[in-house]
$ cat structure16.cif   # mmCIF, C-alpha atoms
data_input
loop_
_atom_site.group_PDB
_atom_site.id
_atom_site.type_symbol
_atom_site.label_atom_id
_atom_site.label_comp_id
_atom_site.auth_asym_id
_atom_site.auth_seq_id
_atom_site.Cartn_x
_atom_site.Cartn_y
_atom_site.Cartn_z
ATOM 1 C CA MET X 1 68.094 121.629 108.553
ATOM 2 C CA PRO X 2 70.448 124.629 108.672
ATOM 3 C CA THR X 3 68.948 128.033 109.474
ATOM 4 C CA LEU X 4 70.444 131.485 108.962
ATOM 5 C CA ASP X 5 69.948 134.371 111.381
ATOM 6 C CA ARG X 6 71.586 137.759 111.709
ATOM 7 C CA GLN X 7 72.787 139.584 114.807
ATOM 8 C CA ASP X 8 73.755 143.118 113.825
ATOM 9 C CA ASN X 9 76.491 142.598 111.234
ATOM 10 C CA VAL X 10 77.142 138.949 112.033
ATOM 11 C CA PHE X 11 75.283 136.199 110.226
ATOM 12 C CA VAL X 12 74.827 133.070 112.355
ATOM 13 C CA LEU X 13 74.295 129.826 110.463
ATOM 14 C CA ASP X 14 72.979 127.096 112.766
ATOM 15 C CA LEU X 15 73.839 123.771 111.149
ATOM 16 C CA GLY X 16 71.123 121.869 113.039
ATOM 17 C CA ASP X 17 70.467 119.922 116.218
ATOM 18 C CA GLY X 18 71.308 116.377 115.101
ATOM 19 C CA GLU X 19 74.544 114.878 113.817
ATOM 20 C CA ASN X 20 74.528 117.452 111.003
ATOM 21 C CA ARG X 21 75.928 115.014 108.482
ATOM 22 C CA PHE X 22 76.563 116.099 104.916
ATOM 23 C CA HIS X 23 73.328 114.868 103.318
ATOM 24 C CA PRO X 24 72.913 116.367 99.830
ATOM 25 C CA ASP X 25 69.924 118.415 101.025
ATOM 26 C CA TRP X 26 71.994 119.714 103.951
ATOM 27 C CA ILE X 27 74.821 120.704 101.593
ATOM 28 C CA THR X 28 72.317 122.526 99.376
ATOM 29 C CA ALA X 29 70.857 124.380 102.368
ATOM 30 C CA VAL X 30 74.288 125.471 103.601
ATOM 31 C CA GLY X 31 75.155 126.625 100.093
ATOM 32 C CA ALA X 32 71.976 128.706 99.909
ATOM 33 C CA ALA X 33 72.853 130.336 103.234
ATOM 34 C CA LEU X 34 76.343 131.173 101.953
ATOM 35 C CA ASP X 35 74.693 132.708 98.867
ATOM 36 C CA GLU X 36 72.731 135.025 101.135
ATOM 37 C CA VAL X 37 75.802 136.011 103.143
ATOM 38 C CA GLU X 38 77.843 136.637 100.030
ATOM 39 C CA LYS X 39 75.127 138.701 98.311
ATOM 40 C CA ALA X 40 74.579 140.941 101.339
ATOM 41 C CA GLU X 41 76.188 144.350 101.276
ATOM 42 C CA GLY X 42 78.153 146.311 103.832
ATOM 43 C CA PRO X 43 80.067 145.141 106.896
ATOM 44 C CA ARG X 44 79.391 141.498 107.737
ATOM 45 C CA ALA X 45 80.919 138.268 108.972
ATOM 46 C CA LEU X 46 79.733 134.697 109.428
ATOM 47 C CA VAL X 47 79.558 132.353 112.402
ATOM 48 C CA THR X 48 78.554 128.732 111.978
ATOM 49 C CA ALA X 49 77.253 126.937 115.036
ATOM 50 C CA ALA X 50 75.040 124.023 115.999
ATOM 51 C CA THR X 51 72.735 122.894 118.768
ATOM 52 C CA GLY X 52 73.109 119.713 120.797
ATOM 53 C CA LYS X 53 75.790 117.068 121.044
ATOM 54 C CA PHE X 54 77.340 117.530 117.599
ATOM 55 C CA TYR X 55 78.730 120.367 115.517
ATOM 56 C CA SER X 56 78.996 117.922 112.620
ATOM 57 C CA ASN X 57 79.730 114.217 112.347
ATOM 58 C CA GLY X 58 80.854 114.474 108.735
ATOM 59 C CA LEU X 59 79.827 112.645 105.592
ATOM 60 C CA ASP X 60 76.416 110.999 105.430
ATOM 61 C CA LEU X 61 77.776 107.481 104.981
ATOM 62 C CA GLU X 62 74.322 105.894 105.160
ATOM 63 C CA TRP X 63 73.140 107.995 102.219
ATOM 64 C CA LEU X 64 76.406 107.394 100.383
ATOM 65 C CA PHE X 65 76.237 103.601 100.712
ATOM 66 C CA ALA X 66 72.648 103.696 99.434
ATOM 67 C CA HIS X 67 73.662 105.810 96.432
ATOM 68 C CA ALA X 68 77.043 104.353 95.504
ATOM 69 C CA ASP X 69 76.525 105.330 91.865
ATOM 70 C CA ARG X 70 76.639 108.996 92.911
ATOM 71 C CA HIS X 71 79.828 108.705 94.969
ATOM 72 C CA GLN X 72 81.994 110.926 92.788
ATOM 73 C CA ASP X 73 79.355 113.650 92.380
ATOM 74 C CA TYR X 74 78.800 113.623 96.132
ATOM 75 C CA VAL X 75 82.503 114.069 96.866
ATOM 76 C CA VAL X 76 82.676 116.906 94.331
ATOM 77 C CA SER X 77 79.825 118.683 96.158
ATOM 78 C CA VAL X 78 81.581 118.261 99.523
ATOM 79 C CA HIS X 79 84.846 119.564 98.087
ATOM 80 C CA GLU X 80 83.054 122.569 96.628
ATOM 81 C CA LEU X 81 81.508 123.382 100.005
ATOM 82 C CA PHE X 82 84.960 123.284 101.607
ATOM 83 C CA ALA X 83 86.395 125.477 98.842
ATOM 84 C CA ARG X 84 83.524 127.932 99.090
ATOM 85 C CA MET X 85 83.948 128.361 102.824
ATOM 86 C CA LEU X 86 87.739 128.601 102.564
ATOM 87 C CA SER X 87 87.483 131.433 100.035
ATOM 88 C CA LEU X 88 84.326 133.215 101.235
ATOM 89 C CA PRO X 89 84.870 137.003 101.075
ATOM 90 C CA VAL X 90 83.874 137.546 104.703
ATOM 91 C CA VAL X 91 85.575 136.502 107.929
ATOM 92 C CA THR X 92 84.209 133.160 109.124
ATOM 93 C CA VAL X 93 84.232 131.640 112.608
ATOM 94 C CA ALA X 94 83.187 128.097 113.592
ATOM 95 C CA ALA X 95 81.604 127.753 117.043
ATOM 96 C CA LEU X 96 82.284 124.122 117.991
ATOM 97 C CA GLN X 97 79.908 123.357 120.849
ATOM 98 C CA GLY X 98 79.978 119.596 120.326
ATOM 99 C CA HIS X 99 81.699 116.710 118.572
ATOM 100 C CA THR X 100 83.416 117.762 115.343
ATOM 101 C CA PHE X 101 84.459 114.707 113.360
ATOM 102 C CA ALA X 102 85.796 113.786 109.915
ATOM 103 C CA ALA X 103 84.337 116.029 107.192
ATOM 104 C CA GLY X 104 82.806 118.126 109.981
ATOM 105 C CA ALA X 105 86.323 118.755 111.297
ATOM 106 C CA MET X 106 87.508 119.577 107.790
ATOM 107 C CA PHE X 107 84.602 121.979 107.362
ATOM 108 C CA SER X 108 85.666 123.727 110.575
ATOM 109 C CA LEU X 109 89.202 124.087 109.177
ATOM 110 C CA ALA X 110 87.789 125.864 106.130
ATOM 111 C CA HIS X 111 86.756 128.701 108.485
ATOM 112 C CA ASP X 112 89.132 131.516 109.354
ATOM 113 C CA PHE X 113 88.828 130.955 113.104
ATOM 114 C CA ARG X 114 87.478 128.297 115.478
ATOM 115 C CA VAL X 115 86.178 128.433 119.051
ATOM 116 C CA MET X 116 85.651 125.126 120.883
ATOM 117 C CA ARG X 117 84.015 124.026 124.091
ATOM 118 C CA ALA X 118 86.733 123.315 126.650
ATOM 119 C CA ASP X 119 85.162 120.711 128.908
ATOM 120 C CA ARG X 120 83.415 118.248 126.585
ATOM 121 C CA GLY X 121 83.415 117.220 122.947
ATOM 122 C CA TYR X 122 86.147 116.112 120.565
ATOM 123 C CA TRP X 123 87.677 117.320 117.323
ATOM 124 C CA CYS X 124 88.856 114.329 115.326
ATOM 125 C CA LEU X 125 89.884 113.095 111.885
ATOM 126 C CA PRO X 126 89.065 109.358 112.267
ATOM 127 C CA GLU X 127 89.794 108.288 108.698
ATOM 128 C CA ALA X 128 92.796 106.091 109.613
ATOM 129 C CA ASP X 129 90.592 104.166 112.050
ATOM 130 C CA ILE X 130 87.610 103.744 109.741
ATOM 131 C CA ASN X 131 89.692 102.861 106.668
ATOM 132 C CA ILE X 132 88.584 105.770 104.505
ATOM 133 C CA PRO X 133 91.570 107.589 102.978
ATOM 134 C CA PHE X 134 91.520 111.337 102.657
ATOM 135 C CA THR X 135 90.825 112.528 99.139
ATOM 136 C CA PRO X 136 93.525 114.751 97.605
ATOM 137 C CA GLY X 137 91.291 117.762 98.217
ATOM 138 C CA MET X 138 90.695 116.883 101.848
ATOM 139 C CA ALA X 139 94.408 116.317 102.457
ATOM 140 C CA ALA X 140 95.224 119.635 100.814
ATOM 141 C CA LEU X 141 92.688 121.487 102.948
ATOM 142 C CA ILE X 142 93.901 119.962 106.217
ATOM 143 C CA GLN X 143 97.565 120.535 105.432
ATOM 144 C CA SER X 144 96.919 124.129 104.372
ATOM 145 C CA ARG X 145 95.261 124.977 107.696
ATOM 146 C CA LEU X 146 97.248 123.060 110.320
ATOM 147 C CA ALA X 147 100.891 123.120 111.330
ATOM 148 C CA PRO X 148 102.751 120.208 109.696
ATOM 149 C CA GLN X 149 103.296 118.236 112.915
ATOM 150 C CA THR X 150 99.669 118.709 113.989
ATOM 151 C CA ALA X 151 98.352 117.678 110.575
ATOM 152 C CA HIS X 152 100.634 114.628 110.654
ATOM 153 C CA GLU X 153 99.403 113.507 114.052
ATOM 154 C CA ALA X 154 95.735 114.267 113.409
ATOM 155 C CA MET X 155 95.663 112.497 110.034
ATOM 156 C CA LEU X 156 97.791 109.446 110.886
ATOM 157 C CA THR X 157 96.688 108.673 114.446
ATOM 158 C CA ALA X 158 93.011 109.716 114.428
ATOM 159 C CA ARG X 159 93.636 111.391 117.785
ATOM 160 C CA ARG X 160 90.593 112.838 119.524
ATOM 161 C CA TYR X 161 91.445 116.351 120.672
ATOM 162 C CA GLY X 162 89.540 117.890 123.547
ATOM 163 C CA GLY X 163 89.126 121.643 123.609
ATOM 164 C CA ALA X 164 92.276 122.438 125.598
ATOM 165 C CA ASP X 165 94.447 120.131 123.478
ATOM 166 C CA ALA X 166 92.941 121.506 120.271
ATOM 167 C CA ALA X 167 93.796 125.040 121.390
ATOM 168 C CA ALA X 168 97.320 124.039 122.430
ATOM 169 C CA THR X 169 98.032 122.502 119.009
ATOM 170 C CA GLY X 170 96.493 125.373 117.036
ATOM 171 C CA ILE X 171 93.525 123.405 115.720
ATOM 172 C CA VAL X 172 91.221 125.952 117.377
ATOM 173 C CA ASP X 173 91.912 129.525 118.419
ATOM 174 C CA GLN X 174 90.084 129.451 121.739
ATOM 175 C CA ALA X 175 88.704 126.856 124.162
ATOM 176 C CA VAL X 176 85.978 128.316 126.362
ATOM 177 C CA SER X 177 83.104 127.252 128.600
ATOM 178 C CA GLU X 178 80.005 125.730 127.021
ATOM 179 C CA ASP X 179 77.882 128.859 127.476
ATOM 180 C CA ALA X 180 80.555 131.079 125.918
ATOM 181 C CA VAL X 181 81.244 129.196 122.687
ATOM 182 C CA ARG X 182 78.766 130.978 120.445
ATOM 183 C CA SER X 183 79.190 134.407 122.045
ATOM 184 C CA ALA X 184 82.992 134.196 121.782
ATOM 185 C CA ALA X 185 82.706 133.260 118.104
ATOM 186 C CA ILE X 186 80.339 136.159 117.461
ATOM 187 C CA GLU X 187 82.737 138.514 119.249
ATOM 188 C CA ILE X 188 85.615 137.442 116.996
ATOM 189 C CA ALA X 189 83.420 137.821 113.920
ATOM 190 C CA GLN X 190 82.035 141.221 114.971
ATOM 191 C CA ALA X 191 85.565 142.609 115.296
ATOM 192 C CA GLN X 192 86.255 141.743 111.644
ATOM 193 C CA VAL X 193 83.027 142.777 109.877
ATOM 194 C CA ASN X 194 84.703 145.657 108.068
ATOM 195 C CA LYS X 195 87.006 143.249 106.238
ATOM 196 C CA ALA X 196 84.183 141.838 104.092
ATOM 197 C CA GLY X 197 84.494 142.347 100.369
ATOM 198 C CA ASP X 198 86.436 141.616 97.210
ATOM 199 C CA THR X 199 89.861 142.353 98.678
ATOM 200 C CA LEU X 200 89.403 139.778 101.433
ATOM 201 C CA GLY X 201 88.157 137.254 98.886
ATOM 202 C CA THR X 202 91.231 137.855 96.714
ATOM 203 C CA ILE X 203 93.569 137.489 99.696
ATOM 204 C CA LYS X 204 91.998 134.140 100.599
ATOM 205 C CA ALA X 205 91.988 132.930 97.000
ATOM 206 C CA ARG X 206 95.694 133.652 96.627
ATOM 207 C CA MET X 207 96.644 132.442 100.110
ATOM 208 C CA TYR X 208 94.994 129.057 99.567
ATOM 209 C CA ALA X 209 95.356 128.774 95.791
ATOM 210 C CA PRO X 210 96.919 125.250 95.787
ATOM 211 C CA ALA X 211 94.331 123.793 98.167
ATOM 212 C CA LEU X 212 91.475 125.473 96.310
ATOM 213 C CA ALA X 213 92.728 124.160 92.966
ATOM 214 C CA THR X 214 92.864 120.616 94.343
ATOM 215 C CA LEU X 215 89.423 120.893 95.939
ATOM 216 C CA ARG X 216 87.935 122.187 92.688
ATOM 217 C CA ASP X 217 89.556 119.560 90.457
ATOM 218 C CA THR X 218 86.595 117.503 89.238
ATOM 219 C CA THR X 219 88.582 115.230 86.905
ATOM 220 C CA ASP X 220 89.684 112.801 89.625
ATOM 221 C CA PRO X 221 88.363 113.989 92.992
ATOM 222 C CA LEU X 222 88.795 110.587 94.663
ATOM 223 C CA GLY X 223 92.469 110.300 93.737
#
$ encode --input "structure16.cif" --output "structure tokens"
Amino acid sequence: MPTLDRQDNVFVLDLGDGENRFHPDWITAVGAALDEVEKAEGPRALVTAATGKFYSNGLDLEWLFAHADRHQDYVVSVHELFARMLSLPVVTVAALQGHTFAAGAMFSLAHDFRVMRADRGYWCLPEADINIPFTPGMAALIQSRLAPQTAHEAMLTARRYGGADAAATGIVDQAVSEDAVRSAAIEIAQAQVNKAGDTLGTIKARMYAPALATLRDTTDPLG
């Protein structure tokens, strides 16, 4: 399960050492960690990271298929997590040390910055290959955070981007060696700790107002 640590003014949320899929308990744990970050006072920023082969492999499809009657509520909770991260009033950095797929990739886009391992691991939106359409909220998030041509390619072709390609297309901000992923993310976050607060939250809320409104629309989240 996710664990929250703090290094000086940078909170580090480790998402786990497995596939880090969006099980309801995992979503709740991440939300509780964001509560702690948001309630803290003074300079601060947030890095999310993981341990092992995966940053996150996305939705917990096994749980979802076993609880089909809760499909809509589950999607609402995922959308809210994306919206919360996108509008969090601190600078956020995703340290992508491993595979970052589907909702995991979308979660990374909800961060302000991303650092990815250069030599191994893929960032991918596989929905076109697995026949699961993006919800309106997911589409809005992706298109608000990627250049139009990159969003078009990533969403329609399910391309797997390695670190260098992800950096070249603007999906991530840096591609670095495996041992530098987390430290580079912390360095970016540490440089921005003084931005934390209501003003930053307002800037994000206004910058991403259309995407946030779509993500928070609970009337028809599946489209």
$ residues_around --input "structure16.cif" --residues "X:Asp112" --least-positions-apart "3" --cutoff "12 Å" --atoms "all atoms listed in the file" --output "ChimeraX atom specification"
/X:45-48,85-95,107-109,115,144-146,171-173,185,188-189,192,200-201,204,207-208
$ resolve_selection --input "structure16.cif" --expression "the PyMOL selection byres ((chain X and resi 134) around 10)" --output "list in words"
Ala102, Ala103, Leu125, Glu127, Ala128, Asn131, Ile132, Pro133, Thr135, Pro136, Gly137, Met138, Ala139, Ala140, Ile142, Met155, Leu222 and Gly223 of chain X
$ atom_distance --input "structure16.cif" --atom1 "atom CA of X:Gly16" --atom2 "atom CA of X:Thr28"
13.7 Å
$ atom_distance --input "structure16.cif" --atom1 "atom CA of X:Val12" --atom2 "atom CA of X:Leu215"
25.1 Å
$ closest_residue --input "structure16.cif" --among "X:Gln72, X:Ser77, X:Thr214, X:Gln97" --to "X:Lys53" --atoms "all atoms listed in the file"
X:Gln97
$ residues_around --input "structure16.cif" --residues "X:Ala40" --least-positions-apart "6" --cutoff "12 Å" --atoms "all atoms listed in the file" --output "count of residues only"
11
$ atom_distance --input "structure16.cif" --atom1 "atom CA of X:Arg44" --atom2 "atom CA of X:Pro2"
19.1 Å
$ residues_around --input "structure16.cif" --residues "X:Leu59" --least-positions-apart "5" --cutoff "9 Å" --atoms "all atoms listed in the file" --output "PyMOL selection string"
chain X and resi 20-23+64+78+102-104
$ write_last_selection --input "structure16.cif" --atoms "C-alpha atoms" --output "PDB file, in the coordinates of the input"
ATOM      1  CA  ASN X  20      74.528 117.452 111.003  1.00  0.00           C
ATOM      2  CA  ARG X  21      75.928 115.014 108.482  1.00  0.00           C
ATOM      3  CA  PHE X  22      76.563 116.099 104.916  1.00  0.00           C
ATOM      4  CA  HIS X  23      73.328 114.868 103.318  1.00  0.00           C
ATOM      5  CA  LEU X  64      76.406 107.394 100.383  1.00  0.00           C
ATOM      6  CA  VAL X  78      81.581 118.261  99.523  1.00  0.00           C
ATOM      7  CA  ALA X 102      85.796 113.786 109.915  1.00  0.00           C
ATOM      8  CA  ALA X 103      84.337 116.029 107.192  1.00  0.00           C
ATOM      9  CA  GLY X 104      82.806 118.126 109.981  1.00  0.00           C
TER      10      GLY X 104
END
$ resolve_selection --input "structure16.cif" --expression "the PyMOL selection byres ((chain X and resi 19) around 7)" --output "PyMOL selection string"
chain X and resi 17-18+20-21+54+56-57
$ closest_residue --input "structure16.cif" --among "X:Ala118, X:Leu61, X:Val76, X:Val37" --to "X:Glu178" --atoms "all atoms listed in the file"
X:Ala118
$ closest_residue --input "structure16.cif" --among "X:Ala154, X:Ala29, X:Met116, X:Ile130" --to "X:Arg182" --atoms "all atoms listed in the file"
X:Met116
$ closest_residue --input "structure16.cif" --among "X:Glu41, X:Ala166, X:Arg84, X:Pro24" --to "X:His67" --atoms "only C-alpha atoms"
X:Pro24
$ closest_residue --input "structure16.cif" --among "X:Phe82, X:Ala191, X:Ala32, X:Ile27" --to "X:Asp60" --atoms "only C-alpha atoms"
X:Ile27
$ axis_aligned_box --input "structure16.cif" --around "stretch 124-136 of chain X" --padding-each-side "8 Å" --output "AutoDock Vina command-line options"
--center_x 90.6 --center_y 108.8 --center_z 106.5 --size_x 21.9 --size_y 27.9 --size_z 33.7
$ closest_residue --input "structure16.cif" --among "X:Val181, X:Val193, X:Glu153, X:Arg117" --to "X:Ala167" --atoms "all atoms listed in the file"
X:Arg117
